[in-house]
file data_30.cif (mmCIF, C-alpha atoms; chains and numbers go by the auth columns)
data_final
loop_
_atom_site.group_PDB
_atom_site.id
_atom_site.type_symbol
_atom_site.label_atom_id
_atom_site.label_comp_id
_atom_site.label_asym_id
_atom_site.label_seq_id
_atom_site.Cartn_x
_atom_site.Cartn_y
_atom_site.Cartn_z
_atom_site.B_iso_or_equiv
_atom_site.auth_seq_id
_atom_site.auth_asym_id
ATOM 1 C CA MET A 1 196.831 2.267 -82.820 0.00 5 A
ATOM 2 C CA ILE A 2 197.207 1.665 -79.109 0.00 6 A
ATOM 3 C CA GLY A 3 200.206 0.007 -77.504 0.00 7 A
ATOM 4 C CA TYR A 4 200.432 -2.126 -74.388 0.00 8 A
ATOM 5 C CA LEU A 5 203.902 -2.428 -72.867 0.00 9 A
ATOM 6 C CA SER A 6 204.710 -4.786 -70.023 0.00 10 A
ATOM 7 C CA VAL A 7 207.751 -6.351 -68.382 0.00 11 A
ATOM 8 C CA LYS A 8 207.241 -9.321 -66.090 0.00 12 A
ATOM 9 C CA LYS A 9 209.490 -11.305 -63.797 0.00 13 A
ATOM 10 C CA ILE A 10 208.486 -14.959 -64.123 0.00 14 A
ATOM 11 C CA ASP A 11 210.526 -17.673 -62.390 0.00 15 A
ATOM 12 C CA ASP A 12 213.541 -15.310 -62.032 0.00 16 A
ATOM 13 C CA LYS A 13 213.378 -14.509 -65.756 0.00 17 A
ATOM 14 C CA TYR A 14 212.593 -11.034 -67.055 0.00 18 A
ATOM 15 C CA ILE A 15 210.495 -10.889 -70.209 0.00 19 A
ATOM 16 C CA GLY A 16 208.910 -7.962 -71.957 0.00 20 A
ATOM 17 C CA GLY A 17 206.200 -7.616 -74.532 0.00 21 A
ATOM 18 C CA LEU A 18 204.621 -4.889 -76.622 0.00 22 A
ATOM 19 C CA LEU A 19 201.178 -5.528 -78.074 0.00 23 A
ATOM 20 C CA ILE A 20 199.844 -3.059 -80.639 0.00 24 A
ATOM 21 C CA VAL A 21 196.081 -3.178 -81.225 0.00 25 A
ATOM 22 C CA ASP A 22 193.687 -1.243 -83.406 0.00 26 A
ATOM 23 C CA GLU A 23 190.736 0.621 -81.921 0.00 27 A
ATOM 24 C CA SER A 24 188.676 -2.574 -82.012 0.00 28 A
ATOM 25 C CA GLY A 25 191.271 -4.381 -79.898 0.00 29 A
ATOM 26 C CA ILE A 26 192.489 -6.541 -82.774 0.00 30 A
ATOM 27 C CA PRO A 27 196.254 -7.212 -82.634 0.00 31 A
ATOM 28 C CA CYS A 28 198.277 -5.501 -85.359 0.00 32 A
ATOM 29 C CA GLU A 29 201.738 -6.284 -84.034 0.00 33 A
ATOM 30 C CA PHE A 30 203.360 -8.155 -81.163 0.00 34 A
ATOM 31 C CA LYS A 31 207.010 -8.002 -80.167 0.00 35 A
ATOM 32 C CA TYR A 32 208.645 -9.646 -77.194 0.00 36 A
ATOM 33 C CA THR A 33 212.072 -10.246 -75.743 0.00 37 A
ATOM 34 C CA ASP A 34 213.607 -13.585 -75.020 0.00 38 A
ATOM 35 C CA PRO A 35 213.535 -14.330 -71.298 0.00 39 A
ATOM 36 C CA ILE A 36 216.522 -12.726 -69.578 0.00 40 A
ATOM 37 C CA VAL A 37 218.184 -14.287 -66.548 0.00 41 A
ATOM 38 C CA PRO A 38 220.683 -11.886 -64.929 0.00 42 A
ATOM 39 C CA THR A 39 223.996 -13.458 -64.015 0.00 43 A
ATOM 40 C CA PRO A 40 225.241 -13.381 -60.419 0.00 44 A
ATOM 41 C CA LEU A 41 227.922 -10.890 -61.512 0.00 45 A
ATOM 42 C CA GLN A 42 225.297 -8.589 -63.076 0.00 46 A
ATOM 43 C CA ARG A 43 223.298 -8.757 -59.852 0.00 47 A
ATOM 44 C CA ILE A 44 226.391 -7.671 -57.904 0.00 48 A
ATOM 45 C CA LEU A 45 227.476 -4.925 -60.311 0.00 49 A
ATOM 46 C CA TYR A 46 224.034 -3.390 -60.874 0.00 50 A
ATOM 47 C CA GLY A 47 222.731 -3.877 -57.339 0.00 51 A
ATOM 48 C CA LYS A 48 219.382 -2.167 -56.757 0.00 52 A
ATOM 49 C CA SER A 49 219.490 -0.557 -60.204 0.00 53 A
ATOM 50 C CA LEU A 50 219.386 -3.943 -62.003 0.00 54 A
ATOM 51 C CA GLU A 51 215.609 -4.146 -62.260 0.00 55 A
ATOM 52 C CA SER A 52 215.253 -0.566 -63.505 0.00 56 A
ATOM 53 C CA TYR A 53 218.074 -1.082 -66.025 0.00 57 A
ATOM 54 C CA LEU A 54 216.572 -4.333 -67.350 0.00 58 A
ATOM 55 C CA ASN A 55 213.031 -2.922 -67.512 0.00 59 A
ATOM 56 C CA ILE A 56 213.840 0.348 -69.270 0.00 60 A
ATOM 57 C CA GLU A 57 217.142 0.084 -71.125 0.00 61 A
ATOM 58 C CA VAL A 58 217.307 -3.576 -72.092 0.00 62 A
ATOM 59 C CA ILE A 59 213.649 -4.512 -72.567 0.00 63 A
ATOM 60 C CA ALA A 60 211.300 -1.539 -73.089 0.00 64 A
ATOM 61 C CA LYS A 61 213.542 0.614 -75.278 0.00 65 A
ATOM 62 C CA SER A 62 214.492 -2.331 -77.500 0.00 66 A
ATOM 63 C CA LEU A 63 210.816 -3.271 -77.969 0.00 67 A
ATOM 64 C CA LEU A 64 209.840 0.313 -78.799 0.00 68 A
ATOM 65 C CA LYS A 65 212.605 0.515 -81.433 0.00 69 A
ATOM 66 C CA LYS A 66 211.500 -2.747 -83.117 0.00 70 A
ATOM 67 C CA ILE A 67 207.845 -1.918 -83.756 0.00 71 A
ATOM 68 C CA GLU A 68 206.649 -0.951 -87.210 0.00 72 A
ATOM 69 C CA ASN A 69 203.163 0.296 -86.204 0.00 73 A
ATOM 70 C CA LYS A 70 203.807 3.371 -84.068 0.00 74 A
ATOM 71 C CA PRO A 71 200.971 3.694 -81.524 0.00 75 A
ATOM 72 C CA GLU A 72 199.494 7.060 -80.632 0.00 76 A
ATOM 73 C CA ILE A 73 199.319 6.010 -76.956 0.00 77 A
ATOM 74 C CA VAL A 74 201.180 3.299 -75.085 0.00 78 A
ATOM 75 C CA PHE A 75 199.632 2.016 -71.876 0.00 79 A
ATOM 76 C CA THR A 76 201.825 0.244 -69.364 0.00 80 A
ATOM 77 C CA ASP A 77 201.153 -1.604 -66.132 0.00 81 A
ATOM 78 C CA ASN A 78 204.509 -0.628 -64.605 0.00 82 A
ATOM 79 C CA SER A 79 205.154 2.985 -63.583 0.00 83 A
ATOM 80 C CA ILE A 80 208.903 2.712 -64.216 0.00 84 A
ATOM 81 C CA LEU A 81 208.202 2.102 -67.914 0.00 85 A
ATOM 82 C CA THR A 82 206.811 5.617 -68.332 0.00 86 A
ATOM 83 C CA ASN A 83 210.485 6.639 -68.478 0.00 87 A
ATOM 84 C CA SER A 84 211.256 4.428 -71.474 0.00 88 A
ATOM 85 C CA SER A 85 210.589 7.035 -74.168 0.00 89 A
ATOM 86 C CA GLU A 86 209.946 10.709 -74.801 0.00 90 A
ATOM 87 C CA ASN A 87 206.525 9.786 -76.174 0.00 91 A
ATOM 88 C CA ALA A 88 203.554 9.730 -73.813 0.00 92 A
ATOM 89 C CA TYR A 89 203.264 6.490 -71.830 0.00 93 A
ATOM 90 C CA PHE A 90 200.683 6.012 -69.137 0.00 94 A
ATOM 91 C CA VAL A 91 200.220 3.757 -66.157 0.00 95 A
ATOM 92 C CA VAL A 92 196.683 2.431 -65.789 0.00 96 A
ATOM 93 C CA GLN A 93 195.188 1.536 -62.412 0.00 97 A
ATOM 94 C CA THR A 94 191.561 0.771 -61.527 0.00 98 A
ATOM 95 C CA ILE A 95 190.093 2.798 -58.672 0.00 99 A
ATOM 96 C CA PRO A 96 186.591 3.230 -57.202 0.00 100 A
ATOM 97 C CA SER A 97 184.147 5.142 -59.372 0.00 101 A
ATOM 98 C CA VAL A 98 184.272 8.918 -59.557 0.00 102 A
ATOM 99 C CA GLU A 99 181.536 11.380 -60.455 0.00 103 A
ATOM 100 C CA GLN A 100 183.511 13.229 -63.096 0.00 104 A
ATOM 101 C CA THR A 101 186.774 13.192 -64.967 0.00 105 A
ATOM 102 C CA ASP A 102 189.457 14.823 -62.908 0.00 106 A
ATOM 103 C CA GLN A 103 192.922 16.043 -63.721 0.00 107 A
ATOM 104 C CA SER A 104 194.471 16.280 -60.280 0.00 108 A
ATOM 105 C CA SER A 105 197.878 17.325 -61.617 0.00 109 A
ATOM 106 C CA THR A 106 199.547 17.902 -64.968 0.00 110 A
ATOM 107 C CA ASP A 107 200.910 14.354 -65.058 0.00 111 A
ATOM 108 C CA GLU A 108 197.898 12.437 -63.701 0.00 112 A
ATOM 109 C CA CYS A 109 194.183 12.148 -64.430 0.00 113 A
ATOM 110 C CA ILE A 110 191.194 10.025 -63.409 0.00 114 A
ATOM 111 C CA ILE A 111 188.755 8.888 -66.076 0.00 115 A
ATOM 112 C CA GLN A 112 185.390 7.189 -65.627 0.00 116 A
ATOM 113 C CA PHE A 113 185.604 3.620 -66.921 0.00 117 A
ATOM 114 C CA GLY A 114 182.438 1.551 -66.737 0.00 118 A
ATOM 115 C CA ALA A 115 181.356 1.104 -63.106 0.00 119 A
ATOM 116 C CA SER A 116 184.771 2.195 -61.824 0.00 120 A
ATOM 117 C CA ALA A 117 187.446 4.637 -62.925 0.00 121 A
ATOM 118 C CA ILE A 118 191.062 4.458 -64.009 0.00 122 A
ATOM 119 C CA ARG A 119 193.978 6.508 -62.812 0.00 123 A
ATOM 120 C CA ILE A 120 196.368 7.361 -65.603 0.00 124 A
ATOM 121 C CA SER A 121 199.729 8.914 -64.918 0.00 125 A
ATOM 122 C CA SER A 122 202.698 9.863 -67.014 0.00 126 A
ATOM 123 C CA SER A 123 206.260 10.987 -66.482 0.00 127 A
ATOM 124 C CA ARG A 124 205.315 13.982 -68.663 0.00 128 A
ATOM 125 C CA GLU A 125 202.502 16.490 -68.754 0.00 129 A
ATOM 126 C CA ILE A 126 199.156 15.141 -69.956 0.00 130 A
ATOM 127 C CA THR A 127 197.882 17.803 -72.340 0.00 131 A
ATOM 128 C CA LYS A 128 194.195 18.671 -72.704 0.00 132 A
ATOM 129 C CA GLU A 129 194.224 17.030 -76.146 0.00 133 A
ATOM 130 C CA LYS A 130 195.712 13.822 -74.727 0.00 134 A
ATOM 131 C CA LEU A 131 193.201 13.875 -71.854 0.00 135 A
ATOM 132 C CA GLU A 132 190.305 14.134 -74.312 0.00 136 A
ATOM 133 C CA ARG A 133 191.736 11.268 -76.379 0.00 137 A
ATOM 134 C CA LEU A 134 192.100 9.114 -73.253 0.00 138 A
ATOM 135 C CA LYS A 135 188.478 9.819 -72.273 0.00 139 A
ATOM 136 C CA GLN A 136 187.351 8.901 -75.796 0.00 140 A
ATOM 137 C CA LEU A 137 189.280 5.613 -75.688 0.00 141 A
ATOM 138 C CA ALA A 138 187.835 4.747 -72.263 0.00 142 A
ATOM 139 C CA GLU A 139 184.321 5.202 -73.673 0.00 143 A
ATOM 140 C CA GLU A 140 184.999 3.113 -76.801 0.00 144 A
ATOM 141 C CA ILE A 141 187.086 0.145 -75.643 0.00 145 A
ATOM 142 C CA ASP A 142 188.078 -1.882 -72.595 0.00 146 A
ATOM 143 C CA ILE A 143 191.452 -0.256 -72.004 0.00 147 A
ATOM 144 C CA LEU A 144 192.555 -2.858 -69.466 0.00 148 A
ATOM 145 C CA GLU A 145 191.644 -6.116 -71.269 0.00 149 A
ATOM 146 C CA PRO A 146 194.669 -6.276 -73.627 0.00 150 A
ATOM 147 C CA PHE A 147 196.934 -6.364 -70.551 0.00 151 A
ATOM 148 C CA GLN A 148 195.408 -9.770 -69.709 0.00 152 A
ATOM 149 C CA ARG A 149 196.223 -11.087 -73.188 0.00 153 A
ATOM 150 C CA LEU A 150 199.741 -9.687 -72.986 0.00 154 A
ATOM 151 C CA GLN A 151 200.313 -11.263 -69.555 0.00 155 A
ATOM 152 C CA LYS A 152 199.164 -14.688 -70.800 0.00 156 A
ATOM 153 C CA ALA A 153 201.334 -14.410 -73.918 0.00 157 A
ATOM 154 C CA LEU A 154 204.432 -13.526 -71.878 0.00 158 A
ATOM 155 C CA GLU A 155 203.796 -16.402 -69.459 0.00 159 A
ATOM 156 C CA TYR A 156 203.394 -18.775 -72.419 0.00 160 A
ATOM 157 C CA ILE A 157 206.621 -17.591 -74.060 0.00 161 A
ATOM 158 C CA CYS A 158 208.563 -17.744 -70.800 0.00 162 A
ATOM 159 C CA LYS A 159 207.414 -21.278 -70.023 0.00 163 A
ATOM 160 C CA SER A 160 207.901 -22.464 -73.614 0.00 164 A
ATOM 161 C CA SER A 161 211.440 -21.090 -73.895 0.00 165 A
ATOM 162 C CA GLY A 162 212.933 -23.875 -71.808 0.00 166 A
ATOM 163 C CA SER A 163 215.550 -21.458 -70.458 0.00 167 A
#
call {"tool": "encode", "arguments": {"input": "data_30.cif", "output": "structure tokens"}}
result
Amino acid sequence: MIGYLSVKKIDDKYIGGLLIVDESGIPCEFKYTDPIVPTPLQRILYGKSLESYLNIEVIAKSLLKKIENKPEIVFTDNSILTNSSENAYFVVQTIPSVEQTDQSSTDECIIQFGASAIRISSSREITKEKLERLKQLAEEIDILEPFQRLQKALEYICKSSGS
């Protein structure tokens, strides 16, 4: 099982989603938060830490607690979300193609992905075993495509909520 975790700000509303897919990309579980609109007082009290607090503490951690299918890897499109759990969470970014897989540091690696490559980073060390698993996944599936589905689902929920 592979997880995709995302928090978006849409029309001043924060909404998060966690999509769990099998290795064929078929959804096994989907959890999301109701859209959250911070109050003016919360904006004052939390200041610059509001976004980090909402992303990690309120949205990501609550989603991770609710899931029944525990994924072996959770990909996220927001680097701050790598701090949402002790488990390994990675940020995925497309970069120009590279000749070979590279682990430039203990918490970042570059993996060939089709005609380009992806940079994967973590707030923790990426072990050799995890690196091999990431390379295997990149060869077998389109790692980035479920993010598009998750984005569309969150936009749909946010617009349909009427909040």
call {"tool": "atom_distance", "arguments": {"input": "data_30.cif", "atom1": "CA of Tyr18 (chain A)", "atom2": "CA of Leu58 (chain A)"}}
result
7.8 Å
call {"tool": "resolve_selection", "arguments": {"input": "data_30.cif", "expression": "the PyMOL selection byres ((chain A and resi 127-141) around 8)", "output": "mmCIF file with C-alpha atoms, in the frame of the given file"}}
result
data_model
loop_
_atom_site.group_PDB
_atom_site.id
_atom_site.type_symbol
_atom_site.label_atom_id
_atom_site.label_comp_id
_atom_site.auth_asym_id
_atom_site.auth_seq_id
_atom_site.Cartn_x
_atom_site.Cartn_y
_atom_site.Cartn_z
ATOM 1 C CA THR A 86 206.811 5.617 -68.332
ATOM 2 C CA ASN A 87 210.485 6.639 -68.478
ATOM 3 C CA ALA A 92 203.554 9.730 -73.813
ATOM 4 C CA TYR A 93 203.264 6.490 -71.830
ATOM 5 C CA PHE A 94 200.683 6.012 -69.137
ATOM 6 C CA THR A 110 199.547 17.902 -64.968
ATOM 7 C CA ASP A 111 200.910 14.354 -65.058
ATOM 8 C CA GLU A 112 197.898 12.437 -63.701
ATOM 9 C CA CYS A 113 194.183 12.148 -64.430
ATOM 10 C CA ILE A 115 188.755 8.888 -66.076
ATOM 11 C CA GLN A 116 185.390 7.189 -65.627
ATOM 12 C CA SER A 125 199.729 8.914 -64.918
ATOM 13 C CA SER A 126 202.698 9.863 -67.014
ATOM 14 C CA ALA A 142 187.835 4.747 -72.263
ATOM 15 C CA GLU A 143 184.321 5.202 -73.673
ATOM 16 C CA GLU A 144 184.999 3.113 -76.801
ATOM 17 C CA ILE A 145 187.086 0.145 -75.643
ATOM 18 C CA ILE A 147 191.452 -0.256 -72.004
#
call {"tool": "closest_residue", "arguments": {"input": "data_30.cif", "among": "A:Ile99, A:Ile19, A:Cys32, A:Ile6", "to": "Ala119 (chain A)", "atoms": "all atoms listed in the file"}}
result
A:Ile99
call {"tool": "closest_residue", "arguments": {"input": "data_30.cif", "among": "A:Ala121, A:Ala64, A:Leu49, A:Ile24", "to": "Lys12 (chain A)", "atoms": "only C-alpha atoms"}}
result
A:Ala64
call {"tool": "closest_residue", "arguments": {"input": "data_30.cif", "among": "A:Ser120, A:Ser164, A:Gln46, A:Gln97", "to": "Thr80 (chain A)", "atoms": "only C-alpha atoms"}}
result
A:Gln97
call {"tool": "atom_distance", "arguments": {"input": "data_30.cif", "atom1": "CA of Asp38 (chain A)", "atom2": "CA of Leu158 (chain A)"}}
result
9.7 Å
call {"tool": "resolve_selection", "arguments": {"input": "data_30.cif", "expression": "the PyMOL selection byres ((chain A and resi 72) around 10)", "output": "ChimeraX atom specification"}}
result
/A:24,32-35,68-71,73-75
call {"tool": "write_last_selection", "arguments": {"input": "data_30.cif", "atoms": "C-alpha atoms", "output": "PDB file, keeping the file's coordinate frame"}}
result
ATOM      1  CA  ILE A  24     199.844  -3.059 -80.639  1.00  0.00           C
ATOM      2  CA  CYS A  32     198.277  -5.501 -85.359  1.00  0.00           C
ATOM      3  CA  GLU A  33     201.738  -6.284 -84.034  1.00  0.00           C
ATOM      4  CA  PHE A  34     203.360  -8.155 -81.163  1.00  0.00           C
ATOM      5  CA  LYS A  35     207.010  -8.002 -80.167  1.00  0.00           C
ATOM      6  CA  LEU A  68     209.840   0.313 -78.799  1.00  0.00           C
ATOM      7  CA  LYS A  69     212.605   0.515 -81.433  1.00  0.00           C
ATOM      8  CA  LYS A  70     211.500  -2.747 -83.117  1.00  0.00           C
ATOM      9  CA  ILE A  71     207.845  -1.918 -83.756  1.00  0.00           C
ATOM     10  CA  ASN A  73     203.163   0.296 -86.204  1.00  0.00           C
ATOM     11  CA  LYS A  74     203.807   3.371 -84.068  1.00  0.00           C
ATOM     12  CA  PRO A  75     200.971   3.694 -81.524  1.00  0.00           C
TER      13      PRO A  75
END
call {"tool": "resolve_selection", "arguments": {"input": "data_30.cif", "expression": "the PyMOL selection byres ((chain A and resi 153) around 12)", "output": "ChimeraX atom specification"}}
result
/A:8-10,21-25,29-31,34,147-152,154-160
call {"tool": "atom_distance", "arguments": {"input": "data_30.cif", "atom1": "CA of Tyr36 (chain A)", "atom2": "CA of Asn59 (chain A)"}}
result
12.6 Å
call {"tool": "closest_residue", "arguments": {"input": "data_30.cif", "among": "A:Ile114, A:Gly7, A:Thr37, A:Thr43", "to": "Ile77 (chain A)", "atoms": "all atoms listed in the file"}}
result
A:Gly7
call {"tool": "closest_residue", "arguments": {"input": "data_30.cif", "among": "A:Lys65, A:Gly118, A:Gly51, A:Val11", "to": "Asn82 (chain A)", "atoms": "all atoms listed in the file"}}
result
A:Val11
call {"tool": "closest_residue", "arguments": {"input": "data_30.cif", "among": "A:Arg47, A:Cys162, A:Gly20, A:Val95", "to": "Leu67 (chain A)", "atoms": "all atoms listed in the file"}}
result
A:Gly20
call {"tool": "axis_aligned_box", "arguments": {"input": "data_30.cif", "around": "region 22-40 of chain A", "padding_each_side": "6 Å", "output": "AutoDock Vina command-line options"}}
result
--center_x 202.6 --center_y -6.9 --center_z -77.5 --size_x 39.8 --size_y 27.0 --size_z 27.8
call {"tool": "decode", "arguments": {"input": "data_30.cif", "residues": "region 22-49 of chain A", "atoms": "N, CA and C atoms", "output": "PDB file, in the first residue's frame"}}
result
ATOM      1  N   LEU A  22      -5.887  12.093   2.290  1.00  0.00           N
ATOM      2  CA  LEU A  22      -4.946  10.980   2.305  1.00  0.00           C
ATOM      3  C   LEU A  22      -5.554   9.861   1.462  1.00  0.00           C
ATOM      4  N   LEU A  23      -4.912   9.594   0.339  1.00  0.00           N
ATOM      5  CA  LEU A  23      -5.351   8.556  -0.583  1.00  0.00           C
ATOM      6  C   LEU A  23      -4.408   7.369  -0.451  1.00  0.00           C
ATOM      7  N   ILE A  24      -4.969   6.200  -0.162  1.00  0.00           N
ATOM      8  CA  ILE A  24      -4.176   4.976  -0.078  1.00  0.00           C
ATOM      9  C   ILE A  24      -4.505   4.150  -1.315  1.00  0.00           C
ATOM     10  N   VAL A  25      -3.467   3.763  -2.064  1.00  0.00           N
ATOM     11  CA  VAL A  25      -3.650   2.959  -3.267  1.00  0.00           C
ATOM     12  C   VAL A  25      -2.845   1.672  -3.166  1.00  0.00           C
ATOM     13  N   ASP A  26      -3.283   0.668  -3.937  1.00  0.00           N
ATOM     14  CA  ASP A  26      -2.485  -0.552  -4.008  1.00  0.00           C
ATOM     15  C   ASP A  26      -1.400  -0.348  -5.061  1.00  0.00           C
ATOM     16  N   GLU A  27      -0.613  -1.369  -5.319  1.00  0.00           N
ATOM     17  CA  GLU A  27       0.511  -1.204  -6.241  1.00  0.00           C
ATOM     18  C   GLU A  27       0.090  -1.108  -7.695  1.00  0.00           C
ATOM     19  N   SER A  28      -1.209  -1.229  -7.962  1.00  0.00           N
ATOM     20  CA  SER A  28      -1.733  -1.002  -9.305  1.00  0.00           C
ATOM     21  C   SER A  28      -2.323   0.399  -9.425  1.00  0.00           C
ATOM     22  N   GLY A  29      -2.311   1.143  -8.324  1.00  0.00           N
ATOM     23  CA  GLY A  29      -2.869   2.491  -8.319  1.00  0.00           C
ATOM     24  C   GLY A  29      -4.352   2.540  -8.020  1.00  0.00           C
ATOM     25  N   ILE A  30      -4.933   1.420  -7.651  1.00  0.00           N
ATOM     26  CA  ILE A  30      -6.365   1.362  -7.352  1.00  0.00           C
ATOM     27  C   ILE A  30      -6.590   1.829  -5.914  1.00  0.00           C
ATOM     28  N   PRO A  31      -7.523   2.774  -5.708  1.00  0.00           N
ATOM     29  CA  PRO A  31      -7.771   3.288  -4.360  1.00  0.00           C
ATOM     30  C   PRO A  31      -8.277   2.202  -3.408  1.00  0.00           C
ATOM     31  N   CYS A  32      -7.699   2.169  -2.225  1.00  0.00           N
ATOM     32  CA  CYS A  32      -8.121   1.245  -1.175  1.00  0.00           C
ATOM     33  C   CYS A  32      -8.823   2.001  -0.051  1.00  0.00           C
ATOM     34  N   GLU A  33      -8.413   3.272   0.108  1.00  0.00           N
ATOM     35  CA  GLU A  33      -8.981   4.075   1.191  1.00  0.00           C
ATOM     36  C   GLU A  33      -8.748   5.546   0.873  1.00  0.00           C
ATOM     37  N   PHE A  34      -9.698   6.374   1.278  1.00  0.00           N
ATOM     38  CA  PHE A  34      -9.574   7.818   1.097  1.00  0.00           C
ATOM     39  C   PHE A  34     -10.178   8.503   2.307  1.00  0.00           C
ATOM     40  N   LYS A  35      -9.384   9.327   2.952  1.00  0.00           N
ATOM     41  CA  LYS A  35      -9.847  10.118   4.093  1.00  0.00           C
ATOM     42  C   LYS A  35      -9.561  11.579   3.773  1.00  0.00           C
ATOM     43  N   TYR A  36     -10.424  12.441   4.267  1.00  0.00           N
ATOM     44  CA  TYR A  36     -10.204  13.872   4.074  1.00  0.00           C
ATOM     45  C   TYR A  36     -10.767  14.636   5.259  1.00  0.00           C
ATOM     46  N   THR A  37     -10.321  15.864   5.397  1.00  0.00           N
ATOM     47  CA  THR A  37     -10.841  16.728   6.450  1.00  0.00           C
ATOM     48  C   THR A  37     -11.907  17.635   5.860  1.00  0.00           C
ATOM     49  N   ASP A  38     -12.772  18.110   6.701  1.00  0.00           N
ATOM     50  CA  ASP A  38     -13.682  19.161   6.263  1.00  0.00           C
ATOM     51  C   ASP A  38     -12.837  20.406   6.032  1.00  0.00           C
ATOM     52  N   PRO A  39     -13.264  21.265   5.114  1.00  0.00           N
ATOM     53  CA  PRO A  39     -12.509  22.509   4.910  1.00  0.00           C
ATOM     54  C   PRO A  39     -12.451  23.327   6.205  1.00  0.00           C
ATOM     55  N   ILE A  40     -11.275  23.853   6.492  1.00  0.00           N
ATOM     56  CA  ILE A  40     -11.051  24.623   7.714  1.00  0.00           C
ATOM     57  C   ILE A  40     -10.782  26.072   7.333  1.00  0.00           C
ATOM     58  N   VAL A  41     -11.532  26.977   7.948  1.00  0.00           N
ATOM     59  CA  VAL A  41     -11.316  28.405   7.737  1.00  0.00           C
ATOM     60  C   VAL A  41     -10.870  28.982   9.078  1.00  0.00           C
ATOM     61  N   PRO A  42      -9.598  29.382   9.196  1.00  0.00           N
ATOM     62  CA  PRO A  42      -9.117  29.947  10.460  1.00  0.00           C
ATOM     63  C   PRO A  42      -9.857  31.249  10.789  1.00  0.00           C
ATOM     64  N   THR A  43     -10.140  31.424  12.053  1.00  0.00           N
ATOM     65  CA  THR A  43     -10.804  32.651  12.489  1.00  0.00           C
ATOM     66  C   THR A  43      -9.779  33.787  12.538  1.00  0.00           C
ATOM     67  N   PRO A  44     -10.252  35.029  12.521  1.00  0.00           N
ATOM     68  CA  PRO A  44      -9.315  36.151  12.655  1.00  0.00           C
ATOM     69  C   PRO A  44      -8.488  36.066  13.946  1.00  0.00           C
ATOM     70  N   LEU A  45      -9.115  35.597  15.031  1.00  0.00           N
ATOM     71  CA  LEU A  45      -8.383  35.468  16.295  1.00  0.00           C
ATOM     72  C   LEU A  45      -7.292  34.404  16.183  1.00  0.00           C
ATOM     73  N   GLN A  46      -7.582  33.279  15.536  1.00  0.00           N
ATOM     74  CA  GLN A  46      -6.558  32.246  15.334  1.00  0.00           C
ATOM     75  C   GLN A  46      -5.400  32.792  14.504  1.00  0.00           C
ATOM     76  N   ARG A  47      -5.724  33.578  13.489  1.00  0.00           N
ATOM     77  CA  ARG A  47      -4.673  34.169  12.657  1.00  0.00           C
ATOM     78  C   ARG A  47      -3.755  35.065  13.497  1.00  0.00           C
ATOM     79  N   ILE A  48      -4.351  35.813  14.420  1.00  0.00           N
ATOM     80  CA  ILE A  48      -3.568  36.702  15.286  1.00  0.00           C
ATOM     81  C   ILE A  48      -2.723  35.884  16.258  1.00  0.00           C
ATOM     82  N   LEU A  49      -3.360  34.926  16.938  1.00  0.00           N
ATOM     83  CA  LEU A  49      -2.666  34.164  17.979  1.00  0.00           C
ATOM     84  C   LEU A  49      -1.557  33.265  17.436  1.00  0.00           C
TER      85      LEU A  49
END
